[in-house]
Amino acid sequence: MSAQTLEQQTYLPEGSDQLAKVYDFIEAHEASRGERPAPRYLLVGAEPNDSVEIPENVYRVLRQVVEALQAGRAVTVVPQTQTLTTQQAADLLGVSRPTVVKLIDEGKLPADTPGKRRRLLRLDDVLRYRKQRREEQYRAIFDTADDYDLEESPEVVAERLRQVRAEVAATRQNHG
């Protein structure tokens, strides 16, 4: 591996038929139903019998890249370390660094303190927290959407929306 593989790279979509074929193949593969063995994913070279099986998570990355390029979007690959600073965790969560420190102090985010001041977080812990927080937010939105009545006046609906926004804002303040 070269040093370039550790740098951030951005890939722009190229209007090629090859990409459309890859996209169609992935779509057909995902849409197929029925009894079949566990999927295997292969990276194939130019020479006969030149292939290697790739893990499912690598396949999912390739699938996401192909879907984005097929939709005309650029894709940026940013290699991450498995350990994050509080600022990196804050950037990933979309909150301030002091909020991350507060989450650590409250025990909501685990962190190691190898020195006197510096706190380090594991990437998987931060991703798990982000997923949990999003699920809580979606659940709150879904719970309030169940109570919506099509017969209510726009003023009543607007007031309910204000209440929901206030609840979501309060939840964000309490949870980071």
# chains A, B, ... in the order shown; residues from 1 in each chain; ligands from 1
call {"tool": "select_by_dssp", "arguments": {"residues": "chain A", "states": "alpha helix (DSSP H)", "output": "PyMOL selection string"}}
result
chain A and resi 17-31+56-70+86-93+97-105+123-145+154-175
call {"tool": "write_last_selection", "arguments": {"atoms": "C-alpha atoms", "output": "PDB file, in the first residue's frame"}}
result
ATOM      1  CA  ASP A  17     -21.536   2.690 -19.502  1.00  0.00           C
ATOM      2  CA  GLN A  18     -19.222   0.574 -17.343  1.00  0.00           C
ATOM      3  CA  LEU A  19     -20.496   2.268 -14.179  1.00  0.00           C
ATOM      4  CA  ALA A  20     -24.098   1.742 -15.289  1.00  0.00           C
ATOM      5  CA  LYS A  21     -23.383  -1.976 -15.776  1.00  0.00           C
ATOM      6  CA  VAL A  22     -21.901  -2.239 -12.287  1.00  0.00           C
ATOM      7  CA  TYR A  23     -24.861  -0.363 -10.827  1.00  0.00           C
ATOM      8  CA  ASP A  24     -27.358  -2.600 -12.658  1.00  0.00           C
ATOM      9  CA  PHE A  25     -25.508  -5.716 -11.473  1.00  0.00           C
ATOM     10  CA  ILE A  26     -25.609  -4.555  -7.855  1.00  0.00           C
ATOM     11  CA  GLU A  27     -29.299  -3.657  -8.115  1.00  0.00           C
ATOM     12  CA  ALA A  28     -30.153  -7.057  -9.629  1.00  0.00           C
ATOM     13  CA  HIS A  29     -28.110  -8.809  -6.951  1.00  0.00           C
ATOM     14  CA  GLU A  30     -29.857  -6.903  -4.159  1.00  0.00           C
ATOM     15  CA  ALA A  31     -33.317  -7.469  -5.668  1.00  0.00           C
ATOM     16  CA  GLU A  56     -19.050  -7.938   2.977  1.00  0.00           C
ATOM     17  CA  ASN A  57     -18.158  -4.560   4.515  1.00  0.00           C
ATOM     18  CA  VAL A  58     -15.831  -3.838   1.551  1.00  0.00           C
ATOM     19  CA  TYR A  59     -18.664  -4.808  -0.812  1.00  0.00           C
ATOM     20  CA  ARG A  60     -21.000  -2.369   1.007  1.00  0.00           C
ATOM     21  CA  VAL A  61     -18.427   0.419   0.572  1.00  0.00           C
ATOM     22  CA  LEU A  62     -18.115  -0.320  -3.145  1.00  0.00           C
ATOM     23  CA  ARG A  63     -21.905  -0.456  -3.452  1.00  0.00           C
ATOM     24  CA  GLN A  64     -22.284   2.947  -1.794  1.00  0.00           C
ATOM     25  CA  VAL A  65     -19.584   4.462  -4.015  1.00  0.00           C
ATOM     26  CA  VAL A  66     -21.174   3.071  -7.184  1.00  0.00           C
ATOM     27  CA  GLU A  67     -24.638   4.312  -6.170  1.00  0.00           C
ATOM     28  CA  ALA A  68     -23.327   7.804  -5.474  1.00  0.00           C
ATOM     29  CA  LEU A  69     -21.329   7.999  -8.715  1.00  0.00           C
ATOM     30  CA  GLN A  70     -24.291   6.640 -10.698  1.00  0.00           C
ATOM     31  CA  THR A  86     -12.831  15.030  21.384  1.00  0.00           C
ATOM     32  CA  GLN A  87     -12.787  17.509  18.459  1.00  0.00           C
ATOM     33  CA  GLN A  88     -12.878  14.728  15.865  1.00  0.00           C
ATOM     34  CA  ALA A  89     -15.747  13.061  17.753  1.00  0.00           C
ATOM     35  CA  ALA A  90     -17.570  16.404  17.895  1.00  0.00           C
ATOM     36  CA  ASP A  91     -17.149  16.866  14.139  1.00  0.00           C
ATOM     37  CA  LEU A  92     -18.472  13.362  13.500  1.00  0.00           C
ATOM     38  CA  LEU A  93     -21.481  13.901  15.774  1.00  0.00           C
ATOM     39  CA  ARG A  97     -16.271  19.793  21.547  1.00  0.00           C
ATOM     40  CA  PRO A  98     -17.553  20.914  24.984  1.00  0.00           C
ATOM     41  CA  THR A  99     -20.703  18.865  24.340  1.00  0.00           C
ATOM     42  CA  VAL A 100     -18.564  15.767  23.724  1.00  0.00           C
ATOM     43  CA  VAL A 101     -16.637  16.464  26.940  1.00  0.00           C
ATOM     44  CA  LYS A 102     -19.966  16.767  28.767  1.00  0.00           C
ATOM     45  CA  LEU A 103     -21.127  13.429  27.309  1.00  0.00           C
ATOM     46  CA  ILE A 104     -17.905  11.827  28.509  1.00  0.00           C
ATOM     47  CA  ASP A 105     -18.254  13.352  31.984  1.00  0.00           C
ATOM     48  CA  LEU A 123     -14.538   5.331  16.702  1.00  0.00           C
ATOM     49  CA  ASP A 124     -16.987   2.453  17.164  1.00  0.00           C
ATOM     50  CA  ASP A 125     -18.207   3.963  20.474  1.00  0.00           C
ATOM     51  CA  VAL A 126     -18.850   7.317  18.791  1.00  0.00           C
ATOM     52  CA  LEU A 127     -20.650   5.673  15.851  1.00  0.00           C
ATOM     53  CA  ARG A 128     -22.748   3.576  18.249  1.00  0.00           C
ATOM     54  CA  TYR A 129     -23.716   6.717  20.198  1.00  0.00           C
ATOM     55  CA  ARG A 130     -24.613   8.555  16.973  1.00  0.00           C
ATOM     56  CA  LYS A 131     -26.818   5.672  15.846  1.00  0.00           C
ATOM     57  CA  GLN A 132     -28.525   5.483  19.252  1.00  0.00           C
ATOM     58  CA  ARG A 133     -29.121   9.239  19.292  1.00  0.00           C
ATOM     59  CA  ARG A 134     -30.623   9.193  15.784  1.00  0.00           C
ATOM     60  CA  GLU A 135     -32.910   6.298  16.715  1.00  0.00           C
ATOM     61  CA  GLU A 136     -34.136   8.253  19.753  1.00  0.00           C
ATOM     62  CA  GLN A 137     -34.778  11.324  17.601  1.00  0.00           C
ATOM     63  CA  TYR A 138     -36.628   9.325  14.937  1.00  0.00           C
ATOM     64  CA  ARG A 139     -38.662   7.563  17.617  1.00  0.00           C
ATOM     65  CA  ALA A 140     -39.679  10.933  19.097  1.00  0.00           C
ATOM     66  CA  ILE A 141     -40.706  12.208  15.676  1.00  0.00           C
ATOM     67  CA  PHE A 142     -42.604   9.002  14.907  1.00  0.00           C
ATOM     68  CA  ASP A 143     -44.374   9.063  18.273  1.00  0.00           C
ATOM     69  CA  THR A 144     -45.603  12.590  17.699  1.00  0.00           C
ATOM     70  CA  ALA A 145     -46.601  11.830  14.096  1.00  0.00           C
ATOM     71  CA  PRO A 154     -53.491  24.555  10.569  1.00  0.00           C
ATOM     72  CA  GLU A 155     -53.113  26.630  13.757  1.00  0.00           C
ATOM     73  CA  VAL A 156     -53.397  23.527  15.964  1.00  0.00           C
ATOM     74  CA  VAL A 157     -50.942  21.618  13.769  1.00  0.00           C
ATOM     75  CA  ALA A 158     -48.495  24.554  13.857  1.00  0.00           C
ATOM     76  CA  GLU A 159     -48.705  24.654  17.661  1.00  0.00           C
ATOM     77  CA  ARG A 160     -48.064  20.909  17.896  1.00  0.00           C
ATOM     78  CA  LEU A 161     -45.044  21.288  15.607  1.00  0.00           C
ATOM     79  CA  ARG A 162     -43.676  24.032  17.862  1.00  0.00           C
ATOM     80  CA  GLN A 163     -44.089  21.709  20.845  1.00  0.00           C
ATOM     81  CA  VAL A 164     -42.324  18.853  19.058  1.00  0.00           C
ATOM     82  CA  ARG A 165     -39.464  21.144  18.039  1.00  0.00           C
ATOM     83  CA  ALA A 166     -39.116  22.295  21.638  1.00  0.00           C
ATOM     84  CA  GLU A 167     -39.062  18.661  22.832  1.00  0.00           C
ATOM     85  CA  VAL A 168     -36.432  17.720  20.245  1.00  0.00           C
ATOM     86  CA  ALA A 169     -34.326  20.763  21.176  1.00  0.00           C
ATOM     87  CA  ALA A 170     -34.569  19.854  24.865  1.00  0.00           C
ATOM     88  CA  THR A 171     -33.573  16.261  24.076  1.00  0.00           C
ATOM     89  CA  ARG A 172     -30.590  17.483  22.067  1.00  0.00           C
ATOM     90  CA  GLN A 173     -29.468  19.720  24.918  1.00  0.00           C
ATOM     91  CA  ASN A 174     -29.783  16.883  27.411  1.00  0.00           C
ATOM     92  CA  HIS A 175     -28.108  14.273  25.195  1.00  0.00           C
TER      93      HIS A 175
END
call {"tool": "atom_distance", "arguments": {"atom1": "CA of Val77 in chain A", "atom2": "CA of Gln9 in chain A"}}
result
5.3 Å
call {"tool": "atom_distance", "arguments": {"atom1": "CA of Val75 in chain A", "atom2": "CA of Pro13 in chain A"}}
result
8.2 Å
call {"tool": "select_by_dssp", "arguments": {"residues": "chain A", "states": "strand (DSSP E or B)", "output": "PDB file with N, CA and C atoms, in the first residue's frame"}}
result
ATOM      1  N   GLN A   9      -9.290  11.193  -0.598  1.00  0.00           N
ATOM      2  CA  GLN A   9      -9.395  11.221  -2.053  1.00  0.00           C
ATOM      3  C   GLN A   9     -10.844  11.510  -2.437  1.00  0.00           C
ATOM      4  N   THR A  10     -11.027  12.311  -3.479  1.00  0.00           N
ATOM      5  CA  THR A  10     -12.364  12.587  -3.998  1.00  0.00           C
ATOM      6  C   THR A  10     -12.442  12.063  -5.419  1.00  0.00           C
ATOM      7  N   TYR A  11     -13.528  11.346  -5.715  1.00  0.00           N
ATOM      8  CA  TYR A  11     -13.730  10.758  -7.034  1.00  0.00           C
ATOM      9  C   TYR A  11     -14.971  11.378  -7.650  1.00  0.00           C
ATOM     10  N   TYR A  41     -18.358 -12.201  -2.370  1.00  0.00           N
ATOM     11  CA  TYR A  41     -17.988 -11.072  -3.205  1.00  0.00           C
ATOM     12  C   TYR A  41     -16.535 -11.245  -3.602  1.00  0.00           C
ATOM     13  N   LEU A  42     -16.271 -11.034  -4.897  1.00  0.00           N
ATOM     14  CA  LEU A  42     -14.925 -11.247  -5.419  1.00  0.00           C
ATOM     15  C   LEU A  42     -14.415 -10.000  -6.121  1.00  0.00           C
ATOM     16  N   LEU A  43     -13.139  -9.754  -5.962  1.00  0.00           N
ATOM     17  CA  LEU A  43     -12.440  -8.740  -6.730  1.00  0.00           C
ATOM     18  C   LEU A  43     -11.651  -9.511  -7.776  1.00  0.00           C
ATOM     19  N   VAL A  44     -11.899  -9.202  -9.047  1.00  0.00           N
ATOM     20  CA  VAL A  44     -11.318  -9.984 -10.131  1.00  0.00           C
ATOM     21  C   VAL A  44     -10.310  -9.142 -10.876  1.00  0.00           C
ATOM     22  N   SER A  51      -8.329 -13.646  -8.782  1.00  0.00           N
ATOM     23  CA  SER A  51      -9.419 -13.077  -7.997  1.00  0.00           C
ATOM     24  C   SER A  51      -9.160 -13.325  -6.518  1.00  0.00           C
ATOM     25  N   VAL A  52      -9.837 -12.510  -5.715  1.00  0.00           N
ATOM     26  CA  VAL A  52      -9.747 -12.660  -4.264  1.00  0.00           C
ATOM     27  C   VAL A  52     -11.127 -12.347  -3.688  1.00  0.00           C
ATOM     28  N   GLU A  53     -11.526 -13.088  -2.675  1.00  0.00           N
ATOM     29  CA  GLU A  53     -12.803 -12.833  -2.025  1.00  0.00           C
ATOM     30  C   GLU A  53     -12.651 -11.605  -1.131  1.00  0.00           C
ATOM     31  N   ILE A  54     -13.648 -10.732  -1.172  1.00  0.00           N
ATOM     32  CA  ILE A  54     -13.610  -9.529  -0.339  1.00  0.00           C
ATOM     33  C   ILE A  54     -14.690  -9.638   0.743  1.00  0.00           C
ATOM     34  N   VAL A  75     -17.586  11.404  -4.733  1.00  0.00           N
ATOM     35  CA  VAL A  75     -17.393  10.590  -3.537  1.00  0.00           C
ATOM     36  C   VAL A  75     -16.033  10.913  -2.955  1.00  0.00           C
ATOM     37  N   THR A  76     -16.005  11.169  -1.657  1.00  0.00           N
ATOM     38  CA  THR A  76     -14.755  11.415  -0.968  1.00  0.00           C
ATOM     39  C   THR A  76     -14.509  10.282   0.018  1.00  0.00           C
ATOM     40  N   VAL A  77     -13.346   9.679  -0.067  1.00  0.00           N
ATOM     41  CA  VAL A  77     -12.953   8.629   0.860  1.00  0.00           C
ATOM     42  C   VAL A  77     -11.963   9.247   1.837  1.00  0.00           C
ATOM     43  N   THR A  83      -9.115   5.692  16.756  1.00  0.00           N
ATOM     44  CA  THR A  83      -9.143   6.513  17.964  1.00  0.00           C
ATOM     45  C   THR A  83      -9.351   7.967  17.564  1.00  0.00           C
ATOM     46  N   LEU A  84     -10.278   8.641  18.243  1.00  0.00           N
ATOM     47  CA  LEU A  84     -10.604  10.021  17.910  1.00  0.00           C
ATOM     48  C   LEU A  84     -10.337  10.943  19.086  1.00  0.00           C
ATOM     49  N   THR A  85      -9.978  12.176  18.779  1.00  0.00           N
ATOM     50  CA  THR A  85      -9.901  13.214  19.803  1.00  0.00           C
ATOM     51  C   THR A  85     -11.330  13.704  20.055  1.00  0.00           C
ATOM     52  N   ASP A 112     -10.873   7.191  26.940  1.00  0.00           N
ATOM     53  CA  ASP A 112      -9.637   6.924  27.671  1.00  0.00           C
ATOM     54  C   ASP A 112      -8.912   8.241  27.875  1.00  0.00           C
ATOM     55  N   LEU A 120      -9.334  10.405  24.628  1.00  0.00           N
ATOM     56  CA  LEU A 120      -9.452   9.734  23.344  1.00  0.00           C
ATOM     57  C   LEU A 120     -10.665   8.815  23.350  1.00  0.00           C
ATOM     58  N   LEU A 121     -11.374   8.795  22.246  1.00  0.00           N
ATOM     59  CA  LEU A 121     -12.582   7.988  22.116  1.00  0.00           C
ATOM     60  C   LEU A 121     -12.385   6.958  21.011  1.00  0.00           C
ATOM     61  N   ARG A 122     -13.009   5.823  21.160  1.00  0.00           N
ATOM     62  CA  ARG A 122     -12.963   4.809  20.111  1.00  0.00           C
ATOM     63  C   ARG A 122     -14.019   5.140  19.061  1.00  0.00           C
TER      64      ARG A 122
END
call {"tool": "closest_residue", "arguments": {"among": "A:Leu12, A:Val95, A:Glu7, A:Glu151", "to": "Ala74 in chain A", "atoms": "only C-alpha atoms"}}
result
A:Leu12
call {"tool": "atom_distance", "arguments": {"atom1": "CA of Thr81 in chain A", "atom2": "CA of Gly107 in chain A"}}
result
22.6 Å
